[in-house]
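Asks: Sharing a structure with you now.
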Amino acid sequence: MEAASVPAPAGAVERGQTREPVARRILRVLAKAPLNLFLIFIAVLWLVPTFGLALTSLMPADVISSEGWWKVVSKPSIATWDNYDALFKNNDLTKALLTTAEIAVGNTVLLVLVASLAGYAFAWIDFPGRDWLFVVVIGLLVVPLQVALIPIFSLYNKTGLFDTVIGLILFHVAFGMPFAVFLLRNFFIGIPKDILESARIDGASELTIFFKLILPLGLPAIASLAIFQFLWTWNDLIVALTFARDTQPLTVAIFSQLRQFGSNIELIAPASFVSLAIPLAVFLAFQRYFVQGLLAGSVK
Amino acid sequence: MAAGVSAVPPAAEAPRESRWRQRAVTAIFLGPALVFLAVWLVYPTFYTIVRSFFDRDGSGFIWFSNYKELFTTDTLQTAIKNNAIWVGVVPALVTAIGLIFAVLTERVRWSVGFKIAVFMPMAISLFAAGVIWHLMLTQDPALGSVNAGLKEVDETFSSKGVLESAQGSGPQIAGSTKKGFALKGDVRPGQTALLGLTAIPPDAVPAGARQAVEPQPQDGAITGAVWRDFKPGGGKPGVVEPQERGLPGVTVDLRDASGKSVASTKTKDDGSFVFDDVKDGTYHPAVSSKSFSAPYKGPSWLGPKLITPAVMIAYIWVWAGFAMVVIGAGLAAISREVLEAARTDGATEWQVFRRVTVPMLAPVLSVVFITMLINVLKVFDIVLSVAPESSQDDANVIALAMWRTSFGGVNDFGLGSAIAVFLFLLVIPVLALNVRRFRREA
């Protein structure tokens, strides 16, 4: 009886069990269809502008001022790399790209170093007035950089830092400092005390502890900070616009092209796309750190 | 603290030397950062405050004159007014959009993809985002995506005239595209009306147009034709000739002697039209003004009137992702049990959202709101890149006004400093809020 009767009902039950969830699943999917459609619509809406710029940059110069980017969608054969060829042959713009890279990398490295030292001091070195000083540093977080433009402009003119990559790097490091110190101090303070204490008892100097222990252990926070600062300075316009004349980063170079807008979209579109492609790549590659940093202190 | 104490025992043996050592180490760690902060942030702040009481070239002390100028100059007033609009609209809107996206995206499987799409503009500079939207918002629908979209909607939902412009083909027809073109001579039932139009480009002739046909008189009716009274070489005005095409879809009014329209009809593919059963009398058939409509232009986003909303659209596009991600993280931290409990108690989704989710998210929402407040007070790059030179006065905001006054040709460092100090004063209340928050967290 068991051998004969069991298989059939079991199969039936099994089929019944799988069939019901399928029906329910279809219902569930259907119920969610409007929501999904709405979100797809929003996502497309959010992607179209960047996509449009990418396609605009591929349009031949002679149609760029008479046709919209969707022309490339309906007639892909007109797409061309000519604009990018012209862009990379344009000395001003390639020089600007290089300047941007120098500023972004240089100031990020310097900031990470200086801010980690300070963050460590605020977290693990005991000195009088420490907490008070830390509050001052956090307070400086909200100083708008507009406040510094005029005095630093005068200072740079006197010291010869005007229109130099170094001058721009130093300014960015300074204005990245409050956030960086805040972020790193809060991360370092979470490192288990035992590790530091046993290192101190073993006679390690503070510098040894810093380089051998803190930096490796603090890597996640340092990565967040570095990515943020890199993007922030790569994307900067106002600082470079104020303190640079011939040492132009890409944003300023595009901006001066933009002032004669209309005739030279074939230059502006690819240059803008290059200018945003690198931060975009950095963001997509390091999303996790980016979001972490954002959540750690959503200020800037 | 405790770590510092643990370093004390060796200090007990050689107190003085060790204390100096300790100080030297602290100085090495802290010194560079403090130098940066002192030279680039603290000193400039004081310098700018002092400088704001001096005149343009810094030689004369003028008390509050710069501040008086700040509140009386037209472009600066526009800047303050615009910034007030920014503060009133954008932080609330960004927070609301972020909240909606965060809540909705939790319910779909592809939430990561959605988040990346919406968050992506955050990586792009505000400046580049501005360039993108400058292109998107170009007025000509052939170039600007936004107006191209609006044009599609406009054409789908409103009935439009078939022609953009025309003229009567001879002195027998009077009028304009605004008033319509009427036949001057009287027409009685049983007669025909010839409404020839010229000055229509060949490609503006509506699709489906066929060879125009000389109308045949009918008893008790007024028949006629509306056609493009022109052929290569010119042709005879007022006469239907081979190669001259009818104008289909044109609205024709039958006006009585007083000029009032008593009937209306549309032309066929060959341009012919018929008014049946017309009462005896004299009439003037006319091409109605409804037949004409100007080409769709679309709003002038980058013009003086709409420039601030235009920049805001671009700005919200950039920051919505930030709000969504931060609020999303807050949402993930809310205990599922509370939400489930509310649902089992019979609360609708809207009630759960309104009475449970939003109150529990209040701290996160305020963080996003305050952050956006600071950002909006300092908005700069995106205004510069979205607004063309011609509408920058109308799009002006405080940070931009500060820069333009100081470095944009005017070079008035006194007034520029005053604007910077004003901006600083505006963010101080937010600073206080932030310090409190960070101290609590730290």
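Ligands are numbered from 1 in the order shown, residues from 1 within each chain, and chains are lettered A, B, ... in the order they appear in the structure tokens.
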Using only C-alpha atoms, determine which residues lie at most 12 Å from Val364 (chain B), disregarding the query and same-chain residues fewer than 6 positions distant; provide the list as a PDB file with C-alpha atoms, in the first residue's frame.
Replies:
```pdb
ATOM      1  CA  LEU A 295      27.354  58.193   6.076  1.00  0.00           C
ATOM      2  CA  GLY A 297      29.741  62.594   8.195  1.00  0.00           C
ATOM      3  CA  SER A 298      27.408  63.875   5.586  1.00  0.00           C
TER       4      SER A 298
ATOM      5  CA  THR B  95      14.821  65.455   1.361  1.00  0.00           C
ATOM      6  CA  GLY B  98      15.274  61.130  -1.227  1.00  0.00           C
ATOM      7  CA  LEU B  99      12.707  59.768   1.226  1.00  0.00           C
ATOM      8  CA  ALA B 323      19.505  62.061   0.194  1.00  0.00           C
ATOM      9  CA  MET B 324      18.307  58.667  -0.988  1.00  0.00           C
ATOM     10  CA  VAL B 325      21.426  56.823   0.177  1.00  0.00           C
ATOM     11  CA  VAL B 326      21.626  58.479   3.595  1.00  0.00           C
ATOM     12  CA  ILE B 327      17.899  58.041   4.242  1.00  0.00           C
ATOM     13  CA  GLY B 328      18.104  54.486   2.887  1.00  0.00           C
ATOM     14  CA  ALA B 329      20.779  53.675   5.471  1.00  0.00           C
ATOM     15  CA  GLY B 330      18.526  55.086   8.190  1.00  0.00           C
ATOM     16  CA  LEU B 331      15.652  53.037   6.871  1.00  0.00           C
ATOM     17  CA  ALA B 332      17.692  49.845   7.005  1.00  0.00           C
ATOM     18  CA  ALA B 333      18.331  50.522  10.683  1.00  0.00           C
ATOM     19  CA  ILE B 334      14.634  50.724  11.567  1.00  0.00           C
ATOM     20  CA  THR B 357       8.553  55.260   9.158  1.00  0.00           C
ATOM     21  CA  VAL B 358       8.747  59.057   8.961  1.00  0.00           C
ATOM     22  CA  ILE B 370      20.673  70.531   7.348  1.00  0.00           C
ATOM     23  CA  THR B 371      23.400  69.285   5.027  1.00  0.00           C
ATOM     24  CA  ARG B 437      25.474  66.828  16.664  1.00  0.00           C
TER      25      ARG B 437
END
```
Asks: Please identify all residues of chain A having at least one atom at most 6 Å from any atom of chain B, considering only C-alpha atoms, and return them as an NGL selection string.
Replies: :A and (43 or 46 or 67-68 or 114 or 117-118 or 125-126 or 142 or 146-148 or 151 or 174 or 235 or 272 or 276 or 279-280 or 299)
Asks: I need the residues from that last selection saved to file as a short mmCIF file (atom, residue, chain, number, x, y, z; two decimals), in the first residue's frame (with C-alpha atoms), if you can.
Replies:
```cif
data_model
loop_
_atom_site.label_atom_id
_atom_site.label_comp_id
_atom_site.auth_asym_id
_atom_site.auth_seq_id
_atom_site.Cartn_x
_atom_site.Cartn_y
_atom_site.Cartn_z
CA ALA A 43 16.12 55.63 -13.27
CA TRP A 46 18.24 60.17 -14.06
CA GLU A 67 20.54 68.27 -34.13
CA GLY A 68 19.87 66.81 -30.69
CA VAL A 114 48.53 65.26 7.59
CA LEU A 117 48.62 62.29 12.04
CA ALA A 118 46.21 64.79 13.58
CA ILE A 125 47.58 61.10 22.51
CA ASP A 126 46.68 62.82 25.73
CA VAL A 142 31.38 75.04 8.18
CA GLN A 146 34.40 82.10 0.06
CA VAL A 147 35.61 83.64 3.32
CA ALA A 148 39.19 82.70 2.47
CA PRO A 151 42.94 86.97 1.91
CA ALA A 174 43.42 73.07 4.26
CA ASN A 235 35.59 68.53 -9.60
CA SER A 272 33.06 67.57 -20.04
CA LEU A 276 33.29 63.39 -15.46
CA PRO A 279 35.31 60.56 -11.12
CA LEU A 280 32.56 58.28 -12.38
CA VAL A 299 28.89 67.31 5.44
#
```
Asks: Point out the residue among A:Gln257, A:Thr80, A:Thr108, A:Gln248 with the least atom-to-atom distance to Ala271 (chain A), counting only C-alpha atoms.
Replies: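 Among A:Gln257, A:Thr80, A:Thr108, A:Gln248, it is A:Gln257 that comes nearest to Ala271 (chain A).
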Asks: Skipping near chain neighbours, those fewer than 5 positions away, what residues fall within 9 Å of Met59 (chain A) using only C-alpha atoms, listed as a ChimeraX atom specification?
Replies: /A:64,69,71-72,78-83,266
Asks: Selection from above, N, CA and C atoms, as an mmCIF file, in the first residue's frame, can you write it?
Replies:
```
data_model
loop_
_atom_site.group_PDB
_atom_site.id
_atom_site.type_symbol
_atom_site.label_atom_id
_atom_site.label_comp_id
_atom_site.auth_asym_id
_atom_site.auth_seq_id
_atom_site.Cartn_x
_atom_site.Cartn_y
_atom_site.Cartn_z
ATOM 1 N N ILE A 64 26.304 69.128 -34.809
ATOM 2 C CA ILE A 64 26.158 69.222 -33.356
ATOM 3 C C ILE A 64 25.322 70.432 -32.937
ATOM 4 N N TRP A 69 21.031 65.049 -29.466
ATOM 5 C CA TRP A 69 21.821 63.821 -29.348
ATOM 6 C C TRP A 69 21.053 62.585 -29.787
ATOM 7 N N LYS A 71 19.600 62.017 -32.330
ATOM 8 C CA LYS A 71 19.913 61.722 -33.740
ATOM 9 C C LYS A 71 20.870 60.523 -33.821
ATOM 10 N N VAL A 72 21.785 60.443 -32.847
ATOM 11 C CA VAL A 72 22.752 59.336 -32.853
ATOM 12 C C VAL A 72 22.043 58.012 -32.596
ATOM 13 N N ILE A 78 26.261 58.086 -37.772
ATOM 14 C CA ILE A 78 26.906 59.396 -37.769
ATOM 15 C C ILE A 78 27.891 59.558 -36.601
ATOM 16 N N ALA A 79 27.847 58.633 -35.621
ATOM 17 C CA ALA A 79 28.744 58.746 -34.475
ATOM 18 C C ALA A 79 30.202 58.693 -34.932
ATOM 19 N N THR A 80 31.016 59.499 -34.279
ATOM 20 C CA THR A 80 32.418 59.573 -34.678
ATOM 21 C C THR A 80 33.292 59.922 -33.470
ATOM 22 N N TRP A 81 34.551 59.482 -33.534
ATOM 23 C CA TRP A 81 35.494 59.823 -32.458
ATOM 24 C C TRP A 81 36.244 61.122 -32.752
ATOM 25 N N ASP A 82 35.882 61.776 -33.836
ATOM 26 C CA ASP A 82 36.632 62.963 -34.268
ATOM 27 C C ASP A 82 36.804 63.998 -33.158
ATOM 28 N N ASN A 83 35.711 64.220 -32.389
ATOM 29 C CA ASN A 83 35.785 65.239 -31.343
ATOM 30 C C ASN A 83 36.840 64.890 -30.301
ATOM 31 N N GLU A 266 31.267 70.968 -29.801
ATOM 32 C CA GLU A 266 32.048 69.795 -30.186
ATOM 33 C C GLU A 266 33.328 69.676 -29.359
#
```
Asks: Residues at most 12 Å from Thr177 (chain B), counting only C-alpha atoms, excluding those fewer than 2 positions away in the same chain, as a list in words?
Replies: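 Contacts, in chain order: Gly161, Val162, Leu163, Glu164, Ser165, Ala166, Gln167, Gly168, Ala174, Gly175, Lys179, Gly180, Phe181, Ala182, Leu197, Thr198, Ala199, Ile200, Ala286, Val287, Ser288, Ser289, Lys290, Ser291, Phe292, Ser293 and Ala294 of chain B.
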Asks: To test your reading of the structure, identify every residue in region 61-233 of chain A that backbone DSSP assigns to helix (DSSP H, G or I), and report it as number ranges by chain.
Replies: A: 70-74, 76-78, 82-89, 91-124, 130-142, 146-159, 165-188, 193-201, 206-217, 219-233
Asks: What lies within 7 Å of Arg228 (chain B) using only C-alpha atoms, ignoring chain neighbours under 5 positions off, as a list in words?
Replies: Gly196, Leu197, Thr198, Glu244, Arg245, Gly246 and Leu247 of chain B
Asks: How many Å separate CA of Val226 (chain B) from CA of Gly259 (chain B)?
Replies: 19.2 Å
Asks: May I ask which of the residues A:Leu155, A:Ile169, A:Ala204, A:Ala223 is the closest one to Leu183 (chain A), counting only C-alpha atoms?
Replies: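 Comparing A:Leu155, A:Ile169, A:Ala204, A:Ala223 against Leu183 (chain A), the winner is A:Ala223.
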